[in-house]
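Coordinates from start33.txt are shown below (compact mmCIF, C-alpha atoms and all ligand atoms).
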# COMPACT_ATOMS: atom_id res chain seq x y z
CA MET A 87 6.42 8.71 20.07
CA PRO A 88 3.39 6.42 19.64
CA ASP A 89 0.12 8.31 19.96
CA PRO A 90 -1.67 6.55 22.86
CA SER A 91 -5.13 7.62 21.64
CA ALA A 92 -4.54 5.76 18.37
CA LEU A 93 -3.88 2.55 20.37
CA SER A 94 -7.49 2.50 21.53
CA PRO A 95 -9.54 -0.32 19.97
CA ALA A 96 -12.48 2.12 19.99
CA THR A 97 -10.62 4.42 17.59
CA LEU A 98 -10.24 1.60 15.09
CA ALA A 99 -13.76 0.25 15.70
CA GLY A 100 -15.10 3.70 14.80
CA HIS A 101 -13.35 3.37 11.45
CA TYR A 102 -13.89 -0.31 10.61
CA ASP A 103 -17.25 -0.82 12.30
CA GLY A 104 -18.73 2.66 12.00
CA ALA A 105 -22.32 1.64 11.21
CA ALA A 106 -22.70 -0.59 14.30
CA GLN A 107 -20.83 1.91 16.49
CA ALA A 108 -23.41 4.51 15.42
CA GLY A 109 -26.18 2.27 16.76
CA GLY A 110 -26.92 0.15 13.68
CA GLU A 111 -27.02 -3.65 13.42
CA SER A 112 -23.79 -5.59 13.88
CA LEU A 113 -21.56 -6.12 10.85
CA MET A 114 -22.24 -9.86 10.98
CA VAL A 115 -26.02 -9.37 10.99
CA ARG A 116 -25.83 -6.94 8.06
CA LEU A 117 -23.56 -9.20 6.02
CA ALA A 118 -25.65 -12.31 6.71
CA ALA A 119 -28.80 -10.44 5.60
CA ALA A 120 -27.03 -9.36 2.41
CA PHE A 121 -26.05 -12.97 1.60
CA ARG A 122 -29.66 -14.06 2.17
CA ALA A 123 -30.96 -11.25 -0.05
CA ALA A 124 -28.56 -12.41 -2.79
CA GLY A 125 -29.96 -15.96 -2.52
CA HIS A 126 -27.10 -17.52 -0.53
CA ASP A 127 -27.38 -19.44 2.74
CA PRO A 128 -25.16 -17.49 5.16
CA GLU A 129 -24.34 -20.70 7.05
CA HIS A 130 -23.04 -22.49 3.91
CA LEU A 131 -20.75 -20.33 1.83
CA GLY A 132 -17.84 -20.88 -0.57
CA LEU A 133 -14.58 -18.91 -0.63
CA ASP A 134 -15.50 -17.37 -4.01
CA GLU A 135 -18.77 -16.06 -2.60
CA ILE A 136 -17.10 -14.28 0.31
CA ALA A 137 -14.05 -12.92 -1.55
CA GLY A 138 -15.65 -9.45 -1.74
CA ILE A 139 -15.66 -9.07 2.03
CA ASP A 140 -12.70 -11.07 3.30
CA GLN A 141 -9.76 -9.61 1.35
CA LEU A 142 -9.27 -6.08 2.67
CA HIS A 143 -5.98 -5.48 0.85
CA LEU A 144 -4.82 -4.52 -2.64
CA GLY A 145 -4.69 -7.40 -5.09
CA GLY A 146 -7.16 -9.71 -3.34
CA ARG A 147 -6.45 -13.43 -3.23
CA ARG A 148 -3.85 -13.25 -6.01
CA ALA A 149 -1.68 -10.98 -3.83
CA SER A 150 -2.05 -13.37 -0.88
CA ARG A 151 -1.04 -16.37 -3.03
CA HIS A 152 2.02 -14.44 -4.20
CA LEU A 153 3.01 -13.70 -0.58
CA ALA A 154 2.54 -17.35 0.41
CA ALA A 155 4.84 -18.33 -2.47
CA LEU A 156 7.47 -15.75 -1.39
CA GLY A 157 7.39 -17.26 2.11
CA ARG A 158 7.44 -20.87 0.84
CA LEU A 159 4.64 -21.90 3.19
CA VAL A 160 4.20 -25.66 3.44
CA PRO A 161 1.35 -27.82 4.78
CA GLY A 162 1.17 -28.21 8.54
CA GLU A 163 2.89 -24.92 9.35
CA ARG A 164 1.38 -22.76 12.10
CA VAL A 165 0.81 -19.23 10.83
CA LEU A 166 -0.21 -16.17 12.87
CA ASP A 167 -2.25 -13.79 10.65
CA VAL A 168 -1.78 -10.40 12.34
CA GLY A 169 -4.46 -7.76 11.76
CA CYS A 170 -6.47 -10.51 10.04
CA GLY A 171 -9.60 -8.42 9.45
CA THR A 172 -12.46 -10.72 8.44
CA GLY A 173 -10.01 -13.62 8.06
CA GLY A 174 -9.66 -14.13 4.30
CA ALA A 175 -5.93 -14.84 4.34
CA SER A 176 -6.27 -17.30 7.24
CA ARG A 177 -8.87 -19.28 5.29
CA LEU A 178 -6.83 -19.16 2.07
CA LEU A 179 -3.73 -20.41 3.91
CA ALA A 180 -5.77 -23.19 5.52
CA GLN A 181 -7.54 -24.33 2.36
CA GLU A 182 -4.92 -23.84 -0.36
CA PHE A 183 -1.66 -24.26 1.58
CA GLY A 184 -2.67 -26.73 4.31
CA CYS A 185 -1.55 -24.36 7.09
CA GLU A 186 -2.99 -24.09 10.56
CA ALA A 187 -3.88 -20.40 10.81
CA LEU A 188 -4.66 -18.21 13.80
CA GLY A 189 -5.95 -14.74 12.95
CA VAL A 190 -5.58 -11.93 15.49
CA ASP A 191 -7.36 -8.60 15.20
CA ILE A 192 -8.16 -5.76 17.58
CA THR A 193 -11.55 -5.03 15.95
CA ALA A 194 -14.09 -7.29 17.69
CA ALA A 195 -16.66 -7.03 14.88
CA PHE A 196 -14.12 -8.42 12.39
CA ILE A 197 -13.29 -11.37 14.64
CA GLU A 198 -17.00 -12.19 14.97
CA VAL A 199 -17.35 -12.14 11.17
CA ALA A 200 -14.10 -14.12 10.68
CA GLU A 201 -15.31 -16.92 13.00
CA TRP A 202 -18.70 -17.06 11.28
CA LEU A 203 -17.16 -17.18 7.75
CA SER A 204 -14.77 -19.98 8.74
CA ARG A 205 -17.70 -21.99 10.16
CA ALA A 206 -19.79 -21.30 7.05
CA THR A 207 -16.98 -22.42 4.72
CA GLY A 208 -16.13 -25.55 6.74
CA LEU A 209 -12.71 -24.19 7.78
CA ALA A 210 -13.35 -23.60 11.49
CA GLU A 211 -10.80 -26.25 12.55
CA SER A 212 -7.91 -24.92 10.48
CA SER A 213 -8.57 -21.16 10.73
CA ARG A 214 -9.21 -19.85 14.22
CA PHE A 215 -9.42 -16.30 15.51
CA LEU A 216 -8.65 -14.20 18.55
CA CYS A 217 -9.51 -10.60 19.39
CA ALA A 218 -6.30 -9.02 20.73
CA ASP A 219 -3.83 -6.19 20.23
CA ALA A 220 -0.97 -7.40 18.03
CA ALA A 221 1.51 -5.73 20.39
CA ARG A 222 0.46 -7.85 23.38
CA THR A 223 -1.21 -11.19 22.74
CA PRO A 224 -1.97 -13.88 25.33
CA LEU A 225 -0.29 -16.53 23.12
CA ALA A 226 2.52 -18.87 24.18
CA GLU A 227 6.07 -18.08 23.06
CA ALA A 228 7.84 -19.90 20.20
CA THR A 229 4.68 -21.49 18.81
CA PHE A 230 4.44 -20.18 15.23
CA ASP A 231 6.41 -21.10 12.10
CA ALA A 232 5.45 -17.84 10.40
CA VAL A 233 3.86 -14.48 11.05
CA TRP A 234 1.73 -13.11 8.21
CA CYS A 235 0.63 -9.48 8.00
CA GLN A 236 -1.16 -7.74 5.12
CA HIS A 237 -2.02 -4.03 5.12
CA ALA A 238 -2.14 -3.73 8.91
CA LEU A 239 1.19 -2.38 10.25
CA MET A 240 0.29 1.13 8.98
CA ASN A 241 -2.61 1.06 11.48
CA MET A 242 -0.28 0.33 14.40
CA PRO A 243 1.42 3.25 16.17
CA ASP A 244 4.00 1.15 18.04
CA VAL A 245 5.50 -1.13 15.40
CA ALA A 246 8.59 -1.85 17.55
CA ALA A 247 6.33 -3.44 20.21
CA VAL A 248 4.54 -5.49 17.54
CA LEU A 249 7.85 -6.76 16.10
CA ALA A 250 9.07 -7.66 19.61
CA GLU A 251 5.86 -9.69 20.07
CA TRP A 252 6.54 -11.50 16.77
CA ARG A 253 10.05 -12.39 17.97
CA ARG A 254 8.51 -13.83 21.12
CA LEU A 255 5.88 -15.86 19.26
CA LEU A 256 8.03 -17.26 16.44
CA LYS A 257 9.90 -20.56 16.68
CA PRO A 258 13.68 -20.31 16.09
CA GLY A 259 14.26 -19.55 12.40
CA GLY A 260 10.60 -18.53 11.91
CA ARG A 261 9.60 -16.23 9.05
CA VAL A 262 7.71 -12.97 8.77
CA LEU A 263 5.67 -12.51 5.57
CA LEU A 264 4.62 -8.94 4.91
CA HIS A 265 2.41 -7.26 2.29
CA GLU A 266 2.36 -3.70 3.55
CA VAL A 267 1.79 -0.06 2.71
CA VAL A 268 4.67 2.42 3.14
CA SER A 269 5.06 6.07 2.21
CA GLY A 270 6.44 7.00 -1.22
CA ASP A 271 8.80 9.82 -2.24
CA ASN A 272 6.00 12.42 -2.53
CA PRO A 273 5.99 14.25 0.82
CA GLU A 274 2.50 15.77 0.41
CA PRO A 275 -0.16 14.46 2.81
CA ILE A 276 -2.08 11.44 1.55
CA ALA A 277 -5.68 11.96 0.38
CA LEU A 278 -8.13 10.68 3.01
CA PRO A 279 -10.20 8.66 3.70
CA VAL A 280 -8.39 5.49 2.65
CA PRO A 281 -9.46 1.95 3.60
CA TRP A 282 -7.24 1.93 6.72
CA ALA A 283 -7.91 5.43 8.04
CA SER A 284 -10.36 8.30 7.91
CA ASP A 285 -8.11 10.76 9.68
CA PRO A 286 -4.31 11.13 9.92
CA ALA A 287 -4.16 9.95 13.56
CA ALA A 288 -4.90 6.36 12.51
CA SER A 289 -2.38 6.22 9.65
CA HIS A 290 1.21 5.41 10.65
CA LEU A 291 3.03 5.18 7.34
CA CYS A 292 6.83 5.07 7.27
CA SER A 293 9.27 5.06 4.36
CA ARG A 294 10.61 1.85 2.83
CA ALA A 295 14.02 2.58 4.37
CA ALA A 296 12.51 3.02 7.85
CA PHE A 297 10.40 -0.12 7.35
CA GLU A 298 13.50 -2.18 6.49
CA ALA A 299 15.48 -0.61 9.34
CA ARG A 300 12.78 -1.46 11.90
CA LEU A 301 12.75 -5.10 10.82
CA ALA A 302 16.54 -5.30 10.92
CA ALA A 303 16.64 -3.66 14.38
CA ALA A 304 14.14 -6.24 15.63
CA GLY A 305 16.41 -9.07 14.45
CA PHE A 306 14.73 -10.06 11.18
CA VAL A 307 16.92 -10.78 8.14
CA SER A 308 15.50 -10.05 4.70
CA GLU A 309 15.12 -13.05 2.36
CA SER A 310 13.13 -11.28 -0.36
CA LEU A 311 11.56 -7.86 -0.84
CA GLU A 312 9.56 -6.67 -3.84
CA ASP A 313 7.99 -3.30 -4.63
CA VAL A 314 4.59 -4.41 -5.97
CA THR A 315 3.15 -0.87 -6.33
CA ALA A 316 2.61 -1.10 -10.12
CA THR A 317 0.56 -4.30 -9.81
CA ALA A 318 -1.41 -2.87 -6.87
CA LEU A 319 -2.14 0.36 -8.75
CA ALA A 320 -3.35 -1.53 -11.85
CA TRP A 321 -5.64 -3.63 -9.61
CA ARG A 322 -6.99 -0.57 -7.80
CA GLN A 323 -7.55 1.32 -11.10
CA LYS A 324 -9.56 -1.61 -12.47
CA HIS A 325 -11.71 -1.76 -9.34
CA SER A 326 -12.25 2.02 -9.21
CA ARG A 327 -13.42 1.93 -12.85
CA ARG A 328 -15.87 -0.86 -11.98
CA GLU A 329 -17.13 0.97 -8.88
CA ALA A 330 -17.68 4.18 -10.91
CA ALA A 331 -19.58 2.32 -13.63
CA GLU A 332 -21.73 0.37 -11.21
CA GLU A 333 -25.31 0.05 -12.40
CA LEU A 334 -28.16 -1.42 -10.45
CA PRO A 335 -27.75 -5.19 -10.95
CA ALA A 336 -30.74 -7.28 -12.06
CA ALA A 337 -30.40 -9.48 -8.94
CA PRO A 338 -28.97 -8.44 -5.54
CA ALA A 339 -25.18 -8.63 -5.76
CA LEU A 340 -22.95 -10.52 -3.31
CA PRO A 341 -21.77 -8.37 -0.39
CA GLY A 342 -18.69 -6.27 -1.12
CA PRO A 343 -16.48 -3.88 0.87
CA ALA A 344 -19.06 -1.08 0.68
CA LEU A 345 -21.15 -3.11 3.15
CA ILE A 346 -18.27 -2.88 5.64
CA PHE A 347 -17.09 0.68 4.97
CA GLY A 348 -20.40 2.24 3.91
CA GLU A 349 -20.79 5.00 1.34
CA ARG A 350 -17.23 6.19 2.03
CA PHE A 351 -15.84 3.13 0.26
CA ALA A 352 -15.90 4.57 -3.28
CA ALA A 353 -13.96 7.64 -2.07
CA MET A 354 -11.53 5.40 -0.15
CA GLY A 355 -10.82 3.39 -3.29
CA ARG A 356 -10.32 6.49 -5.45
CA ASN A 357 -8.05 8.11 -2.85
CA LEU A 358 -5.95 4.98 -2.55
CA ARG A 359 -5.62 4.83 -6.34
CA ASP A 360 -4.57 8.50 -6.46
CA ASN A 361 -2.13 8.14 -3.53
CA LEU A 362 -0.48 5.19 -5.32
CA ALA A 363 -0.35 7.03 -8.67
CA ALA A 364 1.16 10.16 -7.04
CA ASP A 365 3.86 8.12 -5.21
CA LYS A 366 2.46 9.12 -1.82
CA VAL A 367 2.22 5.45 -0.89
CA ARG A 368 3.91 2.28 -2.12
CA ILE A 369 3.22 -1.41 -1.57
CA LEU A 370 5.89 -3.89 -0.51
CA ALA A 371 5.81 -7.69 -0.28
CA GLY A 372 8.56 -9.75 1.25
CA CYS A 373 9.85 -12.41 3.60
CA TRP A 374 12.18 -12.04 6.60
CA ARG A 375 13.69 -14.69 8.85
CA LEU A 376 14.33 -14.55 12.58
CA ALA A 377 18.10 -14.33 13.00
C1 LIG A 401 -6.78 -2.79 6.26
S1 LIG A 401 -7.25 -4.01 7.42
C2 LIG A 401 -6.51 -5.45 6.69
C3 LIG A 401 -7.16 -6.73 7.13
C4 LIG A 401 -6.57 -8.01 6.57
N1 LIG A 401 -5.16 -8.15 6.87
C5 LIG A 401 -6.78 -8.12 5.10
O1 LIG A 401 -5.83 -7.86 4.36
O2 LIG A 401 -7.90 -8.46 4.69
C6 LIG A 401 -6.22 -3.69 8.83
C7 LIG A 401 -6.59 -4.53 10.05
O3 LIG A 401 -5.62 -4.34 11.08
C8 LIG A 401 -6.33 -4.41 12.32
N2 LIG A 401 -5.50 -3.80 13.38
C9 LIG A 401 -5.11 -2.51 13.47
N3 LIG A 401 -4.38 -2.33 14.59
C10 LIG A 401 -4.29 -3.52 15.22
C11 LIG A 401 -3.64 -3.96 16.41
N4 LIG A 401 -2.94 -3.14 17.17
N5 LIG A 401 -3.75 -5.26 16.72
C12 LIG A 401 -4.46 -6.12 15.96
N6 LIG A 401 -5.10 -5.75 14.81
C13 LIG A 401 -5.01 -4.46 14.44
C14 LIG A 401 -7.61 -3.66 12.04
O4 LIG A 401 -8.61 -3.91 12.99
C15 LIG A 401 -7.94 -4.18 10.64
O5 LIG A 401 -8.72 -5.33 10.69

Can the structure in the file be given as structure tokens, please?
Amino acid sequence: MPDPSALSPATLAGHYDGAAQAGGESLMVRLAAAFRAAGHDPEHLGLDEIAGIDQLHLGGRRASRHLAALGRLVPGERVLDVGCGTGGASRLLAQEFGCEALGVDITAAFIEVAEWLSRATGLAESSRFLCADAARTPLAEATFDAVWCQHALMNMPDVAAVLAEWRRLLKPGGRVLLHEVVSGDNPEPIALPVPWASDPAASHLCSRAAFEARLAAAGFVSESLEDVTATALAWRQKHSRREAAEELPAAPALPGPALIFGERFAAMGRNLRDNLAADKVRILAGCWRLA
């Protein structure tokens, strides 16, 4: 049974936007100030400059490019980026693949940042954003060529409702491109906090078998599915080593995920690394087609 309390946007805002929820400045104001402090005009930014804050998944832009290749995205396609966070994948799909992206996220602070970053990078026309619950969007049916979702389904308690919404929104023969976290064979509880949850109520991991079964039950046929855990673990290990060795830089560094997640971020990264290494979680990437 879905846990109704976990459906509340406030629950997720407390996790993803904790500093502002506790009475601090908004995420956008804090990030813009950090860009200024690092000598960058927050209204004119490049995709390389913002990569530290707009790729909230394992593997960064390389993993997104791999997923786009799995899904054979082509210019002009309309893509719905579900649980888009600060919008990095939407911008990458717009700039590098010529897609028309719409990012949807339930966390209002992320949508505000996503819209600002698309304006600042000159991609506001081709990457747009909407604050909504992925399970019930106000969008018209049969209007997307593909649904894209990276590291977000494990935040959603009612995946069946989300998949039904994707069926409604996809054009006939549309694809679903997923880069997601599932549980591994180790039944012990995962170490928390991780980047998607601080407490177990916000983490809705299922096994790979259950993940595949849910997609099949919703009418999606698998075209490709890869277990990319080893690559994700190597990437996370490299970043955890860097984070542990961090020295005070000579000049203010570009904003990174710690500005979003706060001091908890180092522990989140280490826990995710350890959960991957202990086979408590695995990472899948694949493409499905609407039957
Ligand atoms: C770990 S972040 C990943 C963000 C982005 N996909 C990325 O890879 O950079 C998970 C995102 O899912 C969003 N999310 C969780 N539940 C949602 C829901 N029911 N509807 C829309 N977005 C949701 C969260 O607000 C968060 O931005």

Residue contacts of Gly342 of chain A (12 Å, all atoms listed in the file) excluding same-chain residues fewer than 4 positions away, as a list in words = Arg116, Leu117, Ala120, Phe121, Ala124, Asp134, Glu135, Ile136, Ala137, Gly138, Ile139, Asp140, Gln141, Leu142, His325, Glu329, Pro338, Ile346, Phe347, Gly348, Glu349, Phe351 and Ala352 of chain A

Please identify the residues whose atoms come within 8 Å of ligand LIG 401 (chain A), using only C-alpha atoms and all ligand atoms, and report them as an mmCIF file with C-alpha atoms, in the coordinates of the input.
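Contents of result.cif, as written:
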data_model
loop_
_atom_site.group_PDB
_atom_site.id
_atom_site.type_symbol
_atom_site.label_atom_id
_atom_site.label_comp_id
_atom_site.auth_asym_id
_atom_site.auth_seq_id
_atom_site.Cartn_x
_atom_site.Cartn_y
_atom_site.Cartn_z
ATOM 1 C CA LEU A 93 -3.880 2.550 20.370
ATOM 2 C CA PRO A 95 -9.540 -0.320 19.970
ATOM 3 C CA LEU A 98 -10.240 1.600 15.090
ATOM 4 C CA ALA A 99 -13.760 0.250 15.700
ATOM 5 C CA TYR A 102 -13.890 -0.310 10.610
ATOM 6 C CA ASP A 140 -12.700 -11.070 3.300
ATOM 7 C CA GLN A 141 -9.760 -9.610 1.350
ATOM 8 C CA LEU A 142 -9.270 -6.080 2.670
ATOM 9 C CA HIS A 143 -5.980 -5.480 0.850
ATOM 10 C CA LEU A 144 -4.820 -4.520 -2.640
ATOM 11 C CA ASP A 167 -2.250 -13.790 10.650
ATOM 12 C CA VAL A 168 -1.780 -10.400 12.340
ATOM 13 C CA GLY A 169 -4.460 -7.760 11.760
ATOM 14 C CA CYS A 170 -6.470 -10.510 10.040
ATOM 15 C CA GLY A 171 -9.600 -8.420 9.450
ATOM 16 C CA THR A 172 -12.460 -10.720 8.440
ATOM 17 C CA GLY A 173 -10.010 -13.620 8.060
ATOM 18 C CA GLY A 174 -9.660 -14.130 4.300
ATOM 19 C CA ALA A 175 -5.930 -14.840 4.340
ATOM 20 C CA VAL A 190 -5.580 -11.930 15.490
ATOM 21 C CA ASP A 191 -7.360 -8.600 15.200
ATOM 22 C CA ILE A 192 -8.160 -5.760 17.580
ATOM 23 C CA THR A 193 -11.550 -5.030 15.950
ATOM 24 C CA ALA A 194 -14.090 -7.290 17.690
ATOM 25 C CA PHE A 196 -14.120 -8.420 12.390
ATOM 26 C CA CYS A 217 -9.510 -10.600 19.390
ATOM 27 C CA ALA A 218 -6.300 -9.020 20.730
ATOM 28 C CA ASP A 219 -3.830 -6.190 20.230
ATOM 29 C CA ALA A 220 -0.970 -7.400 18.030
ATOM 30 C CA ALA A 221 1.510 -5.730 20.390
ATOM 31 C CA CYS A 235 0.630 -9.480 8.000
ATOM 32 C CA GLN A 236 -1.160 -7.740 5.120
ATOM 33 C CA HIS A 237 -2.020 -4.030 5.120
ATOM 34 C CA ALA A 238 -2.140 -3.730 8.910
ATOM 35 C CA LEU A 239 1.190 -2.380 10.250
ATOM 36 C CA MET A 240 0.290 1.130 8.980
ATOM 37 C CA ASN A 241 -2.610 1.060 11.480
ATOM 38 C CA MET A 242 -0.280 0.330 14.400
ATOM 39 C CA PRO A 243 1.420 3.250 16.170
ATOM 40 C CA VAL A 248 4.540 -5.490 17.540
ATOM 41 C CA PRO A 281 -9.460 1.950 3.600
ATOM 42 C CA TRP A 282 -7.240 1.930 6.720
#

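Nearest to Ala283 of chain A of all the residues A:Val307, A:His126, A:Gly100, A:Leu225 is A:Gly100, based on all atoms listed in the file.
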
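Shortest separation to Thr317 of chain A among A:Arg368, A:Gly110, A:Ser212, A:Ile276 occurs at residue A:Arg368, atoms counted being only C-alpha atoms.
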
Using all atoms listed in the file, which residues sit within 9 Å of Trp374 of chain A once same-chain residues fewer than 6 positions away are excluded, as a ChimeraX atom specification?
-> /A:157,260-264,301,306-311

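For the pair atom CA of Pro341 of chain A and atom CA of Ala195 of chain A, the separation is 16.2 Å.
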
Using only C-alpha atoms, the best pick from A:Glu266, A:Leu278, A:Ala331, A:Leu340 as closest to Gly132 of chain A would be A:Leu340
